[in-house]
Structure formats: C-alpha cells, structure tokens
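J.: What follows is work.cif, mmCIF, C-alpha atoms.
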```
data_start
loop_
_atom_site.label_atom_id
_atom_site.label_comp_id
_atom_site.auth_asym_id
_atom_site.auth_seq_id
_atom_site.Cartn_x
_atom_site.Cartn_y
_atom_site.Cartn_z
CA MET A 32 70.06 -38.42 12.09
CA LEU A 33 70.01 -37.61 15.77
CA PHE A 34 71.79 -35.76 18.54
CA PHE A 35 73.27 -37.57 21.54
CA ARG A 36 74.85 -36.26 24.72
CA SER A 37 77.87 -38.56 24.34
CA GLU A 38 79.16 -41.63 22.53
CA VAL A 39 78.09 -43.73 25.52
CA GLN A 40 74.51 -42.62 24.93
CA VAL A 41 74.86 -43.60 21.26
CA GLN A 42 76.08 -47.06 22.29
CA GLN A 43 73.18 -47.52 24.70
CA TRP A 44 70.64 -46.34 22.17
CA CYS A 45 71.97 -48.56 19.37
CA ARG A 46 71.97 -51.58 21.70
CA ALA A 47 68.41 -50.88 22.85
CA GLN A 48 67.15 -50.33 19.30
CA GLY A 49 69.09 -53.21 17.74
CA TYR A 50 71.08 -50.96 15.41
CA ILE A 51 74.74 -51.22 14.50
CA GLN A 52 76.70 -48.27 15.86
CA ARG A 53 77.95 -46.07 13.06
CA PRO A 54 80.70 -43.39 13.01
CA ILE A 55 80.36 -40.60 15.57
CA VAL A 56 80.32 -37.05 14.22
CA ARG A 57 81.42 -34.04 16.28
CA MET A 58 79.50 -30.76 16.21
CA ASP A 59 82.26 -28.94 14.34
CA GLN A 60 82.20 -31.64 11.66
CA LEU A 61 78.40 -31.46 11.48
CA TRP A 62 78.61 -27.70 10.95
CA VAL A 63 80.89 -28.21 7.94
CA LEU A 64 78.37 -30.63 6.46
CA ALA A 65 75.39 -28.37 7.22
CA LYS A 66 77.12 -25.34 5.73
CA THR A 67 78.27 -27.21 2.63
CA TRP A 68 74.83 -28.68 1.96
CA TYR A 69 72.69 -25.69 2.78
CA ALA A 70 74.54 -22.36 2.66
CA THR A 71 73.31 -21.66 -0.89
CA ARG A 72 69.94 -23.43 -0.58
CA LEU A 73 67.93 -20.19 -0.84
CA GLN A 74 69.83 -19.03 -3.91
CA PRO A 75 69.04 -19.72 -7.58
CA ASP A 76 72.36 -21.46 -8.26
CA SER A 77 72.04 -23.95 -5.41
CA ARG A 78 72.39 -27.65 -6.24
CA ARG A 79 72.81 -30.88 -4.33
CA PRO A 80 76.40 -32.25 -4.18
CA GLN A 81 77.11 -35.06 -6.61
CA PRO A 82 78.51 -38.38 -5.29
CA HIS A 83 82.16 -37.57 -6.00
CA GLU A 84 81.70 -34.17 -4.34
CA MET A 85 80.05 -35.79 -1.33
CA ARG A 86 83.06 -38.07 -0.88
CA GLU A 87 85.37 -35.05 -1.01
CA ILE A 88 83.24 -33.08 1.44
CA PHE A 89 83.11 -35.93 3.96
CA ALA A 90 86.84 -36.60 3.62
CA SER A 91 87.63 -32.89 4.09
CA CYS A 92 86.16 -32.97 7.57
CA GLY A 93 87.71 -36.29 8.52
CA LEU A 94 84.80 -38.61 7.65
CA LYS A 95 86.63 -41.14 5.49
CA ASP A 96 84.84 -44.34 6.48
CA SER A 97 83.03 -46.07 3.59
CA PHE A 98 79.83 -45.47 5.58
CA TRP A 99 79.91 -41.99 4.06
CA ASP A 100 80.38 -43.16 0.47
CA PRO A 101 77.11 -42.42 -1.40
CA GLU A 102 77.88 -45.19 -3.87
CA ALA A 103 79.03 -47.90 -1.45
CA ASP A 104 76.56 -50.71 -1.03
CA ASN A 105 78.21 -52.98 1.49
CA PHE A 106 76.15 -52.11 4.55
CA ALA A 107 73.09 -53.66 6.11
CA VAL A 108 70.30 -51.12 6.12
CA PRO A 109 68.22 -50.77 9.31
CA GLY A 110 64.78 -52.20 8.86
CA SER A 111 65.62 -54.10 5.67
CA MET B 144 65.00 -19.04 -14.78
CA ASN B 145 62.96 -22.19 -15.47
CA PHE B 146 59.60 -22.76 -13.81
CA GLU B 147 60.77 -25.55 -11.48
CA LEU B 148 63.48 -23.30 -10.12
CA GLN B 149 60.95 -20.51 -9.60
CA VAL B 150 58.72 -22.91 -7.66
CA LYS B 151 61.64 -24.21 -5.61
CA LEU B 152 62.73 -20.67 -4.68
CA ALA B 153 59.16 -19.65 -3.84
CA VAL B 154 58.84 -22.65 -1.51
CA TYR B 155 62.16 -21.99 0.19
CA ARG B 156 61.53 -18.26 0.54
CA HIS B 157 58.14 -18.94 2.11
CA PHE B 158 59.74 -21.27 4.65
CA ALA B 159 62.49 -18.75 5.40
CA GLU B 160 60.07 -15.84 5.77
CA THR B 161 57.37 -17.60 7.81
CA GLY B 162 58.83 -20.75 9.42
CA VAL B 163 56.07 -22.92 7.97
CA ARG B 164 55.39 -24.72 4.70
CA PRO B 165 53.49 -22.91 1.96
CA SER B 166 50.30 -24.31 0.51
CA CYS B 167 50.19 -24.96 -3.20
CA ASP B 168 47.86 -22.00 -3.57
CA GLN B 169 50.29 -19.71 -1.75
CA VAL B 170 53.11 -20.71 -4.10
CA ALA B 171 50.83 -20.26 -7.10
CA LYS B 172 49.76 -16.82 -5.89
CA ARG B 173 53.35 -15.79 -5.28
CA LEU B 174 54.29 -16.78 -8.81
CA GLY B 175 51.06 -15.63 -10.46
CA THR B 176 50.49 -19.04 -11.99
CA PRO B 177 47.77 -21.73 -11.84
CA ALA B 178 48.00 -24.11 -8.87
CA ASP B 179 47.95 -27.22 -11.07
CA GLU B 180 51.19 -26.11 -12.70
CA VAL B 181 52.73 -25.80 -9.24
CA VAL B 182 51.56 -29.34 -8.42
CA GLN B 183 53.23 -30.65 -11.58
CA ALA B 184 56.44 -28.83 -10.67
CA TYR B 185 56.27 -30.37 -7.17
CA GLN B 186 56.29 -33.84 -8.76
CA ARG B 187 59.38 -33.02 -10.78
CA LEU B 188 61.11 -31.51 -7.74
CA ARG B 189 60.28 -34.64 -5.77
CA ALA B 190 61.88 -36.78 -8.50
CA GLN B 191 64.99 -34.59 -8.22
CA ARG B 192 65.05 -35.08 -4.42
CA VAL B 193 64.55 -31.37 -3.86
CA LEU B 194 61.19 -31.78 -2.08
CA VAL B 195 59.58 -34.61 -0.13
CA LEU B 196 55.79 -34.59 -0.40
CA GLU B 197 53.03 -36.02 1.74
CA ASP B 198 50.91 -38.84 0.30
CA ASP B 199 48.43 -36.28 -1.02
CA GLY B 200 51.10 -35.13 -3.50
CA ILE B 201 50.54 -31.44 -2.76
CA SER B 202 51.66 -30.91 0.86
CA ILE B 203 55.36 -30.41 1.49
CA ARG B 204 56.80 -32.76 4.10
CA MET B 205 60.40 -31.66 3.62
CA ALA B 206 62.20 -28.91 1.80
CA PRO B 207 65.54 -29.71 3.43
CA PRO B 208 66.65 -28.35 5.83
CA PHE B 209 63.09 -27.15 6.58
CA SER B 210 60.40 -29.53 7.78
CA GLY B 211 56.78 -28.98 6.85
CA VAL B 212 55.63 -30.86 9.95
CA PRO B 213 56.55 -30.50 13.64
CA THR B 214 59.65 -32.39 14.79
CA GLN B 215 61.81 -32.60 17.91
CA HIS B 216 64.37 -30.27 16.28
CA VAL B 217 63.37 -26.61 16.69
CA VAL B 218 65.48 -23.72 15.44
CA LYS B 219 64.84 -20.14 16.57
CA ALA B 220 66.33 -17.39 14.44
CA GLY B 221 65.34 -13.77 14.89
CA SER B 222 61.63 -13.65 15.65
CA LEU B 223 60.86 -16.91 13.82
CA SER B 224 60.82 -20.55 14.76
CA TYR B 225 61.47 -23.42 12.35
CA PHE B 226 61.25 -27.19 12.46
CA ALA B 227 64.22 -29.14 11.07
CA ASN B 228 63.99 -32.65 9.62
CA CYS B 229 66.89 -34.03 11.61
CA ALA B 230 69.97 -33.08 13.62
CA TRP B 231 71.97 -32.29 10.47
CA ASP B 232 69.21 -30.03 9.20
CA ALA B 233 68.95 -28.33 12.60
CA LEU B 234 72.38 -26.84 11.86
CA GLY B 235 71.41 -26.51 8.21
CA ILE B 236 68.74 -23.92 8.95
CA PRO B 237 71.08 -21.26 10.37
CA ALA B 238 73.50 -22.12 7.55
CA ALA B 239 70.77 -21.59 4.94
CA LEU B 240 69.45 -18.41 6.54
CA HIS B 241 72.91 -16.98 7.23
CA GLN B 242 71.60 -15.93 10.62
CA PRO B 243 72.60 -16.75 14.18
CA ALA B 244 70.13 -19.18 15.74
CA THR B 245 69.43 -21.33 18.75
CA VAL B 246 68.86 -25.04 18.20
CA TYR B 247 66.60 -26.89 20.63
CA SER B 248 66.58 -30.67 20.50
CA ARG B 249 67.38 -33.62 22.73
CA CYS B 250 69.60 -36.62 23.34
CA GLU B 251 67.67 -39.49 21.79
CA GLN B 252 68.80 -41.93 24.50
CA SER B 253 68.56 -39.90 27.72
CA MET B 254 66.06 -37.29 26.49
CA GLU B 255 68.30 -34.61 28.01
CA PRO B 256 67.41 -31.31 26.32
CA LEU B 257 69.91 -29.74 23.95
CA ARG B 258 70.20 -25.99 23.58
CA LEU B 259 72.90 -25.04 21.14
CA GLU B 260 73.79 -21.51 20.09
CA VAL B 261 74.85 -21.32 16.46
CA GLY B 262 76.60 -18.20 15.21
CA LEU B 263 77.60 -17.21 11.72
CA GLU B 264 80.83 -19.13 12.18
CA GLY B 265 79.19 -22.25 13.56
CA PRO B 266 78.00 -23.75 16.82
CA ALA B 267 79.39 -22.85 20.21
CA SER B 268 81.87 -25.40 21.54
CA SER B 269 79.94 -28.54 22.46
CA ASP B 270 80.74 -32.15 23.28
CA TRP B 271 77.37 -33.39 22.07
CA VAL B 272 77.60 -35.74 19.08
CA PHE B 273 75.67 -36.64 15.95
CA HIS B 274 74.87 -40.18 14.85
CA CYS B 275 73.14 -41.64 11.81
CA VAL B 276 72.27 -45.33 11.48
CA VAL B 277 71.69 -45.28 7.72
CA PRO B 278 74.72 -45.42 5.37
CA ALA B 279 74.98 -42.54 2.90
CA ALA B 280 74.23 -44.80 -0.07
CA HIS B 281 70.79 -45.51 1.39
CA TRP B 282 69.70 -42.14 2.78
CA TRP B 283 67.04 -41.68 0.10
CA ASP B 284 65.68 -45.24 0.32
CA ASP B 285 63.48 -43.85 3.10
CA ILE B 286 64.45 -40.26 3.73
CA VAL B 287 61.87 -39.76 6.47
CA PHE B 288 63.43 -42.63 8.47
CA THR B 289 66.95 -41.41 7.73
#
```
Written as structure tokens, how would this file's structure read?
T.:
Amino acid sequence: MLFFRSEVQVQQWCRAQGYIQRPIVRMDQLWVLAKTWYATRLQPDSRRPQPHEMREIFASCGLKDSFWDPEADNFAVPGS
Amino acid sequence: MNFELQVKLAVYRHFAETGVRPSCDQVAKRLGTPADEVVQAYQRLRAQRVLVLEDDGISIRMAPPFSGVPTQHVVKAGSLSYFANCAWDALGIPAALHQPATVYSRCEQSMEPLRLEVGLEGPASSDWVFHCVVPAAHWWDDIVFT
C-alpha cells in the first residue's frame, strides 16, 4: 500500500515490477478509509470491520470494484 | 475488561505516548502482570489479526496503524514521531490519535518526497494517489507485503 505522485507513476511502477495495475484511490477516499479503520483504535470498544461492513465502507467512498471485496477470490495475487 | 483487551490497549497506548513499540516487559509492568501472560495474550491477539509479531513471538512488528520497525512512512504529531506500516496507515495514525499531523513519505516510482499536512478533518488538498497491488481478500495472506 503505497503513495504515488500520479496515476502515470503507478502505471510505470506496475510495469517495471510486473504487477497488474489496480484501482487508484484519491487522498480524500484514503482519509475516509483511515478514519473508519482507526478512529476508535485506541478505545476499548474498537473492533475491526467485518466483511459486509468493509464492502459498505468501500462502496460509501466510491470504491465499488470487486478488488475491494474481502470475500472475492477471483484475482491473481502478486508473488503467488 | 478481559485480559487480551487490557494488553491490546496497553500496547496501543504505549505506541501513542512514545512513538515506539513496547517490550513485553513494559506491557507487563504497565498491567502489573507476569510477562509470560502478556506473551500468551500476544499470541491470541495475533490470531485475531490485532497484532503482527516478529519471528521471536514477543516483539511487535505491527499494531496497525503503528509500525514497530522503521519504514518509509513517518508521521509527526505534536512532539512525537511515528512509523506507519503503509500509506493507508500513514493517514491512520492521525485518525487514531485525533491529532493534526504531518505525513512524510515518497512516490514509490519517482522517489519524490511527499509531505502531507493532515488536520482533524483530513488531509490538505492533494493530487497524490494511493495504490495497492493486493486484492482485499488476500491482504492478510502476507500482511507485511500488503
């Protein structure tokens, strides 16, 4: 999970590393994910989102591709 | 509050208060409990994907969003500096601390440095992007690679 200056840099990096390019995430979308995952992490009632909640969280910030589905298994995994 | 939760909170509070991982002994001292009980709780927290441990089984590699080892993702909040496990976690640290922070990282292709101010309402406007090569269903197959 890495930062890139632009989508062009992502394309170049994926080509050089032999990885398939995956969906691009904007900083405002990443903030929603970071906040949802971690805002209560230091509190006693914190818990990790369950798969159905993860799907809802991703969809709520526009990430609807099946890449984000924690129970989808139709992708090649890098290095496998 | 059960013992695992006490251990988890002690670990997270140590990270938040110091910027570095606690030793098993430090967690044990904080809780007033024997270190071997903390080690056993670590194993259960690892099974629950709360902690990622080093091969020695007692050193914390990850307590997401905090990293127990140096990484390219540095977050400065107040007078403290933290390492994040990844780009997502770099924003996760200010979210967890509920504090404004500055994220220092880089573009993985060009190595251009990133400096991103993150306020309580989120990051300053930025056209940098985030990319992950591992599908969500496989993040925990090898969380260090992810």
J.: Could you tell me how far atom CA of Asp198 of chain B lies from atom CA of Tyr69 of chain A, in Å and to one decimal?
T.: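 Atom CA of Tyr69 of chain A lies 25.6 Å from atom CA of Asp198 of chain B.
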J.: Give me the residues within 10 Å of Asp179 of chain B as a compact mmCIF listing (two decimals) with C-alpha atoms, in the frame of the given file, counting only C-alpha atoms and dropping any in the same chain fewer than 6 places off.
T.:
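Below is the file part_38.txt, written as the result:
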```txt
# COMPACT_ATOMS: atom_id res chain seq x y z
CA CYS B 167 50.19 -24.96 -3.20
CA ASP B 168 47.86 -22.00 -3.57
CA ALA B 171 50.83 -20.26 -7.10
CA TYR B 185 56.27 -30.37 -7.17
CA ILE B 201 50.54 -31.44 -2.76
```
J.: Could you tell me which residues of chain B sit within 8 Å of chain A when counting all atoms listed in the file, and give me the result as a PyMOL selection string?
T.: chain B and resi 148+152+155-156+208+229-232+234-236+238-241+248-253+255+265-266+268-281+289
J.: Run through the PyMOL selection byres ((chain B and resi 158) around 10) on the given coordinates and return the selected residues as a list in words.
T.: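 Applied to this file, the PyMOL selection byres ((chain B and resi 158) around 10) returns Leu73 of chain A; Leu152, Ala153, Val154, Tyr155, Arg156, His157, Ala159, Glu160, Thr161, Gly162, Val163, Arg164, Pro165, Ala206, Pro208, Phe209, Ser210, Gly211, Tyr225 and Phe226 of chain B.
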J.: What's the separation between atom CA of Gly200 of chain B and atom CA of Val181 of chain B, in Å to one decimal place?
T.: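 Rounded to one decimal, the two atoms are 11.1 Å apart.
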J.: In Å to one decimal, how far is atom CA of Gln191 of chain B from atom CA of Ala178 of chain B?
T.: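 So the two atoms, atom CA of Ala178 of chain B and atom CA of Gln191 of chain B, lie 20.0 Å apart.
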J.: Would you kindly translate the PyMOL selection byres ((chain B and resi 245) around 12) into the concrete residues it picks from this file, as a PyMOL selection string?
T.: chain B and resi 216-226+233-238+242-244+246-248+257-263+265-267
